[in-house]
Amino acid sequence: MKKLIILLAFSLSAGTCVAQNDFAHAAMDSLQKILYTQKTARDSLFTLQKMVDFTPIRQDETSGFPDHVGMLLRLNKQLKLIDPAPYLLIQQGNVYWAKRQYAQSLKSLQGAVTLFDKQHKAIFPLLINIRILYNYLNTQEDRLEYYQQKLEYYQVNGPYQNTAPCYHGIAGYYLFRGAYNQAINNYMKGGEIFRKFNPHFYANILYVIGNTYNQWGNYDKALYYCRQSLPLAQKLKDTSGINYCYFIFSEISNSTGKYNDALGQINESIRFMSKTMSQRVVAIITLKAGIYLKLNQPDLALPLLNRAQKLTDSAGYKTVSSVGYTEIDYDYYEYYMAKGNTAQAEKSLLIASQKATDEKGVPIQLKYLRELGYFYQKQNQPQKSERYFEDYFNVYDALEKGRHEFKVAEYEIDQNDRLQREHIDQLKQEKATQNVLLWSSLVVFLMISASLIFIYRQLQVNKKTLRSLRETQRQLIQSEKMASLGELTAGIAHEIQNPLNFVNNFSEVNTELVEEMEQGIDKGNLAEIKAIALDIKENSKKISMHGKRADAIVKGMLQHSQVGTGTKEPTNINGLADECMRLAYHGLRAKDKTFNAELVSHLDETLPLVNVIPPDIVRVMLNLFNNAFYAVNQKQKLAGADYKPEVSLTTSTEKGQVVITVKDNGSGIPEAIKEKIMQPFFTTKPTGEGTGLGLSLTYDMVVKGHGGSIHVSSAEGEGSEFIIRLPTS
């Protein structure tokens with residue numbers, strides 16, 4: 001293990017120098033120093049993990065970094081202390097990126113993000129790098145959708161650090177669309193978050209805002225933000241930030257005709273430039289070449305352009321990128337025009353225009369189309385000149401048309417932001433509520449599972465569903481449905497005990513009769529043997545009858561315990577409702593031995609079979625009978641000896657519908673709350689005795705599940721009556 005740590009340290013020291021000009025070099029150097037001092041493989045592993053988390057992408061300016069991901073995975077293969085899955089996807093994404101297979105790289109890195117989100121991990125460096133792949137793929141609409149979705153997710157679930165790169169990614173979309181106001185607005189939101197926890201990224205955001213103002217043509221604002229960024233970068237020894245600030249200063253001076261100032265500033269930028277080749281290095285070289293062209297020194301510009309072109313060809317850099325516009329072909333055009341080589345100048349300008357079109361760089365596309373119009377005008381080729389001027393106006397009109405959706409008042413933007421914040425707050429509140437409901441339902445589940453093994457097995461399905469859909473109320477409702485089984489158990493036990501007692505008694509009698517028969521056979525008393533045989537036969541019939549009764553109860557119990565398939569079947573409503581009434585009654589008696597009530601049935605024997613979902617109707621009837629027996633039991637505790645609890649069941653047909661009436665002479669329902677009793681979570685029972693979902697489920701199953709209706713009539717102090725109407729077909 002010591003040899004492995006020494007090898008890791010050697011590998012890291014080989015790559016230290018290449019990180020000197022990256023804005024993250026200070027933090028990386030600090031982590032490397034810590035790594036050298038680690039005495040255990042475990043500590044080395046976690047330090048390597050921090051290094052990978054901080055610089056997950058080894059491309060462009062970080063391409064010379066040591067392969068921290070590979071080192072991490074190799075060490076973890078021995079120690080097995082962290083989940084390797086997201087880091088394997090990062091490694092895969094880097095391989096695809098190096099091969100310029102950007103779509104596959106994006107898929108791998110987004111997969112890593114998904115796995116890290118499950119760990120609630122801060123991964124802002126990874127998120128901010130993913131935006132570059134969208135630039136390479138020219139899929140800006142996909143970029144916007146992805147970062148908006150991730151932003152909302154992190155605003156609700158955290159960690160908040162991950163929201164900053166999402167704002168950055170959204171801002172980049174608006175920048176490509178030319179909506180500079182919205183771009184800067186989102187850059188500032190991201191910057192404010194970075195300011196709270198990462199000064200390196202905050203300094204970076206400031207000069208990015210400056211560059212955006214520069215592209216917008218607001219040079220004063222651009223200078224303001226770059227001048228804020230520069231001292232921060234200098235304090236942090238962030239050579240990349242210093243380099244980029246001077247690069248923007250030079251661009252502004254070049255755009256405003258201060259070419260000597262621009263040359264001095266670009267030289268200062270080069271002094272802090274990374275020695276690793278990157279798109280930014282090419283942009284700096286190209287800008288210096290352009291400044292020489294403005295100073296009428298084309299011979300000094302040509303070697304720089306050739307160098308920039310060679311680097312671009314070898315690395316596949318774009319004209320339009322996250323660092324701005326790298327206008328190598330246009331500078332070649334200006335060089336050849338300065339040399340009087342119009343044929344080569346024309347070729348370079350056409351190449352520049354085609355690249356700008358292909359890469360959707362609309363601002364420079366307009367610039368090149370207009371220049372082509374003037375070029376052919378000077379060359380006395382009016383048809384070509386008119387064509388390119390026409391193309392220029394078509395692109396301009398399309399740009400303006402596309403910008404219409406972004407032309408909104410600042411007040412409206414603020415209103416949209418406020419609505420978005422309210423939406424996020426609502427999602428957070430819903431999540432908190434769902435968590436409370438979730439934990440409450442789990443407690444109920446554990447209590448039931450501890451007492452009833454059968455119910456526990458049934459609830460396993462709900463437990464898995466509950467865990468996979470933690471943020472939905474559907475699982476709590478399903479749990480409430482299954483919880484009704486607990487109330488049935490005592491009633492079922494009472495019902496099944498009677499037939500089992502008969503079976504046991506008649507079996508014992510038959511055993512005695514068989515012994516008597518054997519004695520009669522020994523004596524040869526045929527008459528006695530026949531009489532005993534008839535008794536055994538009658539007893540066997542009774543055993544069979546009561547056994548079938550027990551079997552019917554068990555089958556009914558199993559049918560109720562199953563999750564409904566949603567399939568309707570012809571059902572005997574009389575038998576089903578009557579069985580539910582007795583089960584509910586005996587269930588309450590099992591809890592309270594002192595409780596007694598009169599059960600009254602008025603069943604229409606001509607009632608046809610009704611197409612219903614039996615398990616659902618069982619739950620409906622049990623809910624109503626449980627409530628009825630609960631009501632009369634509560635009234636019995638308060639009323640005098642003259643009070644006789646009574647619950648009745650009545651069935652009938654009326655206008656092509658089956659009518660089921662459950663009536664009690666309990667306490668009744670106060671008029672003030674009668675309209676609320678069907679609402680989810682509303683209950684009149686004391687805390688711990690009801691969830692408030694029973695009647696809500698009953699309403700849903702009757703009205704929504706079967707197309708029926710449910711009506712309540714009640715008089716406070718006298719009782720309640722629930723009337724259900726179901727279509728017969």
# chains A, B, ... in the order shown; residues from 1 in each chain; ligands from 1
call {"tool": "residues_around", "arguments": {"residues": "Lys318 in chain A", "least_positions_apart": "4", "cutoff": "9 Å", "atoms": "only C-alpha atoms", "output": "list in words"}}
result
Tyr136, Gln279, Thr312, Tyr325, Thr326, Lys355 and Glu359 of chain A
call {"tool": "residues_around", "arguments": {"residues": "Val503 in chain A", "least_positions_apart": "5", "cutoff": "8 Å", "atoms": "only C-alpha atoms", "output": "JSON, numbers by chain"}}
result
{"A": [542, 543, 544, 546, 547]}
call {"tool": "closest_residue", "arguments": {"among": "A:Thr606, A:Ser322, A:Ser652, A:Thr684", "to": "Gly361 in chain A", "atoms": "only C-alpha atoms"}}
result
A:Ser322
call {"tool": "residues_around", "arguments": {"residues": "Gly217 in chain A", "least_positions_apart": "4", "cutoff": "12 Å", "atoms": "only C-alpha atoms", "output": "PyMOL selection string"}}
result
chain A and resi 178+180+210-213+221-223+251-252+255-256+363
call {"tool": "residues_around", "arguments": {"residues": "range 70-80 of chain A", "least_positions_apart": "2", "cutoff": "8 Å", "atoms": "only C-alpha atoms", "output": "number ranges by chain"}}
result
A: 8, 41-42, 45, 48-49, 67-68, 82-84, 87-88, 91
call {"tool": "closest_residue", "arguments": {"among": "A:Gly241, A:Pro298, A:Pro165, A:Gly316", "to": "Arg100 in chain A", "atoms": "only C-alpha atoms"}}
result
A:Gly316
